[in-house]
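What follows is one structure encoded as structure tokens, with my remarks underneath.
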Amino acid sequence: MRFTGRDAMKNIRAILFDKDGTLFDFQATWGAWAQRLLTEFSGNDRARADEMAQVLGFDLATGRFLPQSPVIAGTGRKVAELLTPMLPGQTIDALEAHLAREASIAPLVPATPLRPLLESVRNSGLKLGVATNDFESVARDHLSDVLALFDFIAGFDSGYGGKPEPGMLLAFARQCRVHPRDVLMVGDSTHDLLAGRAAGMPTLGVLTGVATEADLAPFADHVRANIGDLPKLLHGM
């Protein structure tokens with residue numbers, strides 16, 4: 001089902017955001033972080049770093065993730081599973097924990113000033129949530145400055161599963177006592193939008209991740225440059 005009319009947006013009672021690439025610019029936030037970690041993991045060996053970068057779909061020279069990177073919509077567990085075979089003596093669990101610690105202190109670049117946008121939307125009476133394939137604890141750390149503005153925060157490890165499955169999305173709707181059709185799912189990847197479709201929610205794609213408008217348009221009711229366009233979209237402008 002597609003929700004393309006203005007009336008569908010006027011009926012929105014809650015908004016569920018992805019985190020990386022949606023609330024935060026993906027490349028600006030995670031490019032430098034990935035370069036630093038790969039240098040650390042490789043022992044400053046460029047050939048080893050290149051090998052790990054290739055597995056992660058990351059361009060070391062430019063510091064940017066490639067569109068096909070499994071990291072973009074993958075979980076922390078998935079990243080650990082990809083890298084562990086290349087790190088002798090390392091276990092998946094230990095690497096996953098290390099990645100979570102490092103991610104929690106990553107230098108974040110908001111896609112747009114978050115507090116004024118979130119306060120504006122919340123003051124209009126809408127519930128707000130985050131559904132991310134990152135760790136829940138990392139999401140809470142990243143959103144610490146605006147955490148009180150959210151009614152729901154879930155990660156892949158919160159017990160609802162990861163996207164593109166709709167578990168987190170449906171849990172948000174239940175918690176807020178809102179029908180899924182009245183929840184707008186906002187994300188930068190097809191995983192986000194497919195999860196929204198599976199949950200029966202209208203979807204908004206944003207271009208602050210790696211995916212292009214052409215990538216997102218088949219799965220999105222609307223595509224916008226960033227979440228800063230939300231107020232205009234909700235008011236039919």
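To be explicit about the labels: the chains of the structure tokens are called A, B, and onward in the order shown, and within each one the residues are counted from 1, while ligands get numbers from 1 in the order they are shown.
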| task | Find the residues around Leu216 (chain A) up to 10 Å (only C-alpha atoms counted), leave out those fewer than 4 positions away in its own chain, and share them as a ChimeraX atom specification. | result | /A:187-194,204-207,211-212,220-223
Mind running region 58-171 of chain A against region 198-203 of chain A at 7 Å and telling me each contacting residue's nearest atom pair with the distance in Å (one decimal), counting only C-alpha atoms, chain and number ascending, as JSON lines?
{"residue": "A:Pro166", "atom": "CA", "partner": "A:Ala199", "partner_atom": "CA", "distance": 5.3}
{"residue": "A:Leu169", "atom": "CA", "partner": "A:Ala199", "partner_atom": "CA", "distance": 6.6}
{"residue": "A:Leu170", "atom": "CA", "partner": "A:Ala199", "partner_atom": "CA", "distance": 6.3}
Tell me, counting only C-alpha atoms, for each residue of region 94-119 of chain A within 10 Å of region 74-87 of chain A, which pair of atoms is nearest and how far apart they are in Å to one decimal, in rows ordered by chain and increasing number, as CSV.
residue,atom,partner,partner_atom,distance
A:Ala94,CA,A:Ala80,CA,8.7
A:Leu95,CA,A:Ala80,CA,5.7
A:Glu96,CA,A:Ala80,CA,5.2
A:Ala97,CA,A:Gly76,CA,8.8
A:His98,CA,A:Ala80,CA,9.2
A:Leu99,CA,A:Gly76,CA,7.1
A:Ala100,CA,A:Gly76,CA,7.2
A:Ala103,CA,A:Gly76,CA,9.4
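Counting only C-alpha atoms and comparing A:Ala217, A:Ala139, A:Leu128, A:Met168, the residue that lies closest to Asp151 (chain A) is A:Leu128.
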| request: Apply DSSP to the backbone of this structure and, from region 159-221 of chain A, keep only the residues in helix (DSSP H, G or I); write these as a PyMOL selection string. | output: chain A and resi 167-176+180-182+190-199+213-219
| request: Just the residues within 9 Å of Phe41 (chain A), please, counting only C-alpha atoms, with nothing from its chain fewer than 6 positions along; format it as a PyMOL selection string. | output: chain A and resi 48-49+52+87
| message | Please return, as number ranges by chain, all residues of region 97-193 of chain A that DSSP assigns to strand (DSSP E) on the basis of the backbone. | response | A: 127-131, 152-154, 183-187
Residues just named, written with all heavy atoms as an mmCIF file, in the first residue's frame:
data_model
loop_
_atom_site.group_PDB
_atom_site.id
_atom_site.type_symbol
_atom_site.label_atom_id
_atom_site.label_comp_id
_atom_site.auth_asym_id
_atom_site.auth_seq_id
_atom_site.Cartn_x
_atom_site.Cartn_y
_atom_site.Cartn_z
ATOM 1 N N LYS A 127 3.976 11.754 18.591
ATOM 2 C CA LYS A 127 4.905 10.900 19.316
ATOM 3 C C LYS A 127 6.143 10.678 18.439
ATOM 4 O O LYS A 127 6.047 10.655 17.206
ATOM 5 C CB LYS A 127 4.264 9.547 19.629
ATOM 6 C CG LYS A 127 3.004 9.629 20.491
ATOM 7 C CD LYS A 127 3.352 9.984 21.918
ATOM 8 C CE LYS A 127 2.127 9.861 22.813
ATOM 9 N NZ LYS A 127 2.438 10.194 24.226
ATOM 10 N N LEU A 128 7.288 10.489 19.087
ATOM 11 C CA LEU A 128 8.532 10.312 18.341
ATOM 12 C C LEU A 128 9.276 9.071 18.813
ATOM 13 O O LEU A 128 9.284 8.758 20.004
ATOM 14 C CB LEU A 128 9.447 11.529 18.530
ATOM 15 C CG LEU A 128 8.909 12.882 18.080
ATOM 16 C CD1 LEU A 128 9.922 13.977 18.401
ATOM 17 C CD2 LEU A 128 8.578 12.876 16.603
ATOM 18 N N GLY A 129 9.916 8.385 17.865
ATOM 19 C CA GLY A 129 10.698 7.211 18.217
ATOM 20 C C GLY A 129 11.873 7.018 17.280
ATOM 21 O O GLY A 129 11.978 7.682 16.243
ATOM 22 N N VAL A 130 12.767 6.113 17.672
ATOM 23 C CA VAL A 130 13.921 5.752 16.859
ATOM 24 C C VAL A 130 13.981 4.232 16.758
ATOM 25 O O VAL A 130 13.863 3.531 17.771
ATOM 26 C CB VAL A 130 15.234 6.279 17.474
ATOM 27 C CG1 VAL A 130 16.439 5.730 16.711
ATOM 28 C CG2 VAL A 130 15.260 7.800 17.464
ATOM 29 N N ALA A 131 14.168 3.738 15.544
ATOM 30 C CA ALA A 131 14.364 2.307 15.296
ATOM 31 C C ALA A 131 15.623 2.168 14.456
ATOM 32 O O ALA A 131 15.645 2.563 13.292
ATOM 33 C CB ALA A 131 13.164 1.712 14.556
ATOM 34 N N PHE A 152 10.313 6.388 22.436
ATOM 35 C CA PHE A 152 10.693 5.002 22.148
ATOM 36 C C PHE A 152 12.056 5.008 21.481
ATOM 37 O O PHE A 152 12.309 5.803 20.565
ATOM 38 C CB PHE A 152 9.647 4.401 21.208
ATOM 39 C CG PHE A 152 9.907 2.998 20.744
ATOM 40 C CD1 PHE A 152 9.387 1.914 21.441
ATOM 41 C CD2 PHE A 152 10.617 2.748 19.572
ATOM 42 C CE1 PHE A 152 9.592 0.609 20.992
ATOM 43 C CE2 PHE A 152 10.824 1.451 19.116
ATOM 44 C CZ PHE A 152 10.308 0.377 19.832
ATOM 45 N N ILE A 153 12.944 4.155 21.953
ATOM 46 C CA ILE A 153 14.252 3.942 21.322
ATOM 47 C C ILE A 153 14.482 2.434 21.254
ATOM 48 O O ILE A 153 14.414 1.750 22.274
ATOM 49 C CB ILE A 153 15.414 4.562 22.125
ATOM 50 C CG1 ILE A 153 15.194 6.044 22.386
ATOM 51 C CG2 ILE A 153 16.741 4.300 21.414
ATOM 52 C CD1 ILE A 153 15.496 6.950 21.237
ATOM 53 N N ALA A 154 14.758 1.922 20.067
ATOM 54 C CA ALA A 154 15.033 0.491 19.935
ATOM 55 C C ALA A 154 16.182 0.270 18.979
ATOM 56 O O ALA A 154 16.335 0.985 17.979
ATOM 57 C CB ALA A 154 13.806 -0.262 19.445
ATOM 58 N N VAL A 183 1.576 6.156 11.499
ATOM 59 C CA VAL A 183 2.982 6.340 11.880
ATOM 60 C C VAL A 183 3.799 6.549 10.611
ATOM 61 O O VAL A 183 3.711 5.754 9.671
ATOM 62 C CB VAL A 183 3.530 5.107 12.638
ATOM 63 C CG1 VAL A 183 5.013 5.313 12.969
ATOM 64 C CG2 VAL A 183 2.728 4.853 13.906
ATOM 65 N N LEU A 184 4.581 7.607 10.565
ATOM 66 C CA LEU A 184 5.466 7.846 9.429
ATOM 67 C C LEU A 184 6.837 7.269 9.738
ATOM 68 O O LEU A 184 7.483 7.651 10.713
ATOM 69 C CB LEU A 184 5.590 9.349 9.165
ATOM 70 C CG LEU A 184 6.516 9.748 8.001
ATOM 71 C CD1 LEU A 184 5.976 9.210 6.674
ATOM 72 C CD2 LEU A 184 6.678 11.262 7.948
ATOM 73 N N MET A 185 7.292 6.329 8.899
ATOM 74 C CA MET A 185 8.629 5.761 9.029
ATOM 75 C C MET A 185 9.579 6.565 8.161
ATOM 76 O O MET A 185 9.374 6.706 6.947
ATOM 77 C CB MET A 185 8.642 4.288 8.596
ATOM 78 C CG MET A 185 10.030 3.642 8.651
ATOM 79 S SD MET A 185 10.683 3.529 10.326
ATOM 80 C CE MET A 185 12.447 3.651 10.027
ATOM 81 N N VAL A 186 10.652 7.101 8.768
ATOM 82 C CA VAL A 186 11.597 7.953 8.065
ATOM 83 C C VAL A 186 12.965 7.285 8.057
ATOM 84 O O VAL A 186 13.498 6.932 9.118
ATOM 85 C CB VAL A 186 11.712 9.333 8.745
ATOM 86 C CG1 VAL A 186 12.620 10.247 7.925
ATOM 87 C CG2 VAL A 186 10.337 9.964 8.929
ATOM 88 N N GLY A 187 13.551 7.105 6.876
ATOM 89 C CA GLY A 187 14.848 6.454 6.808
ATOM 90 C C GLY A 187 15.597 6.769 5.532
ATOM 91 O O GLY A 187 15.025 7.312 4.579
#
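Closest approach to Pro107 (chain A) among A:Asp50, A:Gly228, A:Ala73, A:Asp141 is made by A:Asp141 (distances from only C-alpha atoms).
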| Using only C-alpha atoms: which of A:Gly155, A:Gly162, A:Gly43, A:Pro231 has the shortest distance to Ser124 (chain A) | A:Pro231
| request: Identify, on the basis of only C-alpha atoms, every residue whose closest approach to Leu60 (chain A) does not exceed 7 Å; exclude the query and any residue fewer than 3 positions from it along the same chain; express the result as a ChimeraX atom specification. | output: /A:35,50,53,63
Please produce an output containing C-alpha atoms for each residue in the selection, written as a short mmCIF file (atom, residue, chain, number, x, y, z; two decimals), in the first residue's frame.
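Once everything was written out, this is again24.cif:
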data_model
loop_
_atom_site.label_atom_id
_atom_site.label_comp_id
_atom_site.auth_asym_id
_atom_site.auth_seq_id
_atom_site.Cartn_x
_atom_site.Cartn_y
_atom_site.Cartn_z
CA GLN A 35 39.14 4.97 8.76
CA ASP A 50 42.43 -2.29 2.30
CA ALA A 53 37.76 -2.04 3.84
CA GLY A 63 36.78 7.92 3.59
#
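Residue nearest Asp134 (chain A) within the list A:Lys232, A:Arg101, A:Arg177, A:Lys19: A:Lys19 [criterion: smallest interatomic distance, only C-alpha atoms].
Take the candidates A:Thr91, A:Ser104, A:Thr62, A:Gln175 and check each one against Ala32 (chain A) using only C-alpha atoms; the shortest distance goes to A:Thr62.
For the pair CA of Phe135 (chain A) and CA of Arg64 (chain A), the interatomic distance is 21.7 Å.
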| request: Kindly give the distance, in Å, that separates CA of Asp182 (chain A) and CA of His235 (chain A), rounded to a single decimal. | output: 14.6 Å
| request: Find the residues near Met9 (chain A): any atom within 8 Å, counting only C-alpha atoms, skip ones fewer than 4 places away on the same chain, and give them as a list in words. | output: Gly5, Leu233, Leu234, His235 and Gly236 of chain A
Using N, CA and C atoms, can you write the selected residues to a file as a short mmCIF file (atom, residue, chain, number, x, y, z; two decimals), in the first residue's frame?
data_model
loop_
_atom_site.label_atom_id
_atom_site.label_comp_id
_atom_site.auth_asym_id
_atom_site.auth_seq_id
_atom_site.Cartn_x
_atom_site.Cartn_y
_atom_site.Cartn_z
N GLY A 5 -1.16 10.67 -0.70
CA GLY A 5 -1.98 11.87 -0.64
C GLY A 5 -1.65 12.76 0.55
N LEU A 233 6.26 18.89 4.86
CA LEU A 233 5.60 17.69 4.37
C LEU A 233 4.34 17.41 5.17
N LEU A 234 4.44 17.51 6.48
CA LEU A 234 3.29 17.19 7.35
C LEU A 234 2.16 18.18 7.18
N HIS A 235 2.50 19.41 6.77
CA HIS A 235 1.48 20.43 6.60
C HIS A 235 1.08 20.61 5.13
N GLY A 236 1.52 19.68 4.30
CA GLY A 236 1.09 19.67 2.89
C GLY A 236 1.64 20.81 2.07
#
Need to verify the contact set: Pro110 (chain A), 10 Å, only C-alpha atoms, exclusion of same-chain residues closer than 4 positions in sequence. Can you return it as a PDB file with N, CA, C and O atoms, in the first residue's frame?
ATOM      1  N   LYS A  19      18.300   6.078  12.632  1.00  0.00           N
ATOM      2  CA  LYS A  19      19.289   6.970  13.247  1.00  0.00           C
ATOM      3  C   LYS A  19      20.367   7.391  12.248  1.00  0.00           C
ATOM      4  O   LYS A  19      20.403   8.530  11.815  1.00  0.00           O
ATOM      5  N   ASP A  20      21.249   6.475  11.889  1.00  0.00           N
ATOM      6  CA  ASP A  20      22.391   6.826  11.045  1.00  0.00           C
ATOM      7  C   ASP A  20      21.974   7.013   9.597  1.00  0.00           C
ATOM      8  O   ASP A  20      21.368   6.127   8.993  1.00  0.00           O
ATOM      9  N   GLY A  21      22.298   8.184   9.042  1.00  0.00           N
ATOM     10  CA  GLY A  21      21.876   8.513   7.695  1.00  0.00           C
ATOM     11  C   GLY A  21      20.550   9.233   7.665  1.00  0.00           C
ATOM     12  O   GLY A  21      20.124   9.703   6.611  1.00  0.00           O
ATOM     13  N   THR A  22      19.906   9.331   8.826  1.00  0.00           N
ATOM     14  CA  THR A  22      18.598   9.976   8.912  1.00  0.00           C
ATOM     15  C   THR A  22      18.659  11.131   9.913  1.00  0.00           C
ATOM     16  O   THR A  22      18.554  12.295   9.533  1.00  0.00           O
ATOM     17  N   LEU A  23      18.851  10.817  11.175  1.00  0.00           N
ATOM     18  CA  LEU A  23      19.064  11.869  12.172  1.00  0.00           C
ATOM     19  C   LEU A  23      20.477  12.433  12.056  1.00  0.00           C
ATOM     20  O   LEU A  23      20.708  13.625  12.316  1.00  0.00           O
ATOM     21  N   PHE A  24      21.417  11.568  11.662  1.00  0.00           N
ATOM     22  CA  PHE A  24      22.809  11.977  11.505  1.00  0.00           C
ATOM     23  C   PHE A  24      23.274  11.671  10.088  1.00  0.00           C
ATOM     24  O   PHE A  24      22.936  10.624   9.537  1.00  0.00           O
ATOM     25  N   ASP A  25      24.040  12.597   9.515  1.00  0.00           N
ATOM     26  CA  ASP A  25      24.592  12.388   8.177  1.00  0.00           C
ATOM     27  C   ASP A  25      25.524  11.179   8.207  1.00  0.00           C
ATOM     28  O   ASP A  25      26.475  11.144   8.985  1.00  0.00           O
ATOM     29  N   PHE A  26      25.261  10.200   7.369  1.00  0.00           N
ATOM     30  CA  PHE A  26      25.981   8.929   7.454  1.00  0.00           C
ATOM     31  C   PHE A  26      27.464   9.065   7.122  1.00  0.00           C
ATOM     32  O   PHE A  26      28.328   8.662   7.903  1.00  0.00           O
ATOM     33  N   ALA A  28      29.430  11.734   6.798  1.00  0.00           N
ATOM     34  CA  ALA A  28      30.163  12.688   7.623  1.00  0.00           C
ATOM     35  C   ALA A  28      30.442  12.120   9.006  1.00  0.00           C
ATOM     36  O   ALA A  28      31.485  12.399   9.613  1.00  0.00           O
ATOM     37  N   THR A  29      29.523  11.317   9.521  1.00  0.00           N
ATOM     38  CA  THR A  29      29.689  10.753  10.862  1.00  0.00           C
ATOM     39  C   THR A  29      30.594   9.530  10.860  1.00  0.00           C
ATOM     40  O   THR A  29      31.504   9.413  11.686  1.00  0.00           O
ATOM     41  N   LEU A 114      18.892  19.183  15.409  1.00  0.00           N
ATOM     42  CA  LEU A 114      17.883  18.235  15.854  1.00  0.00           C
ATOM     43  C   LEU A 114      16.888  18.811  16.853  1.00  0.00           C
ATOM     44  O   LEU A 114      15.675  18.596  16.717  1.00  0.00           O
ATOM     45  N   THR A 208      20.358  11.743   3.202  1.00  0.00           N
ATOM     46  CA  THR A 208      21.536  12.014   4.019  1.00  0.00           C
ATOM     47  C   THR A 208      22.281  10.726   4.368  1.00  0.00           C
ATOM     48  O   THR A 208      23.120  10.712   5.265  1.00  0.00           O
TER      49      THR A 208
END
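The smallest atom-to-atom distance between Asn11 (chain A) and any of A:Leu143, A:Lys163, A:Gly125, A:Asp215, using only C-alpha atoms, is found for A:Gly125.
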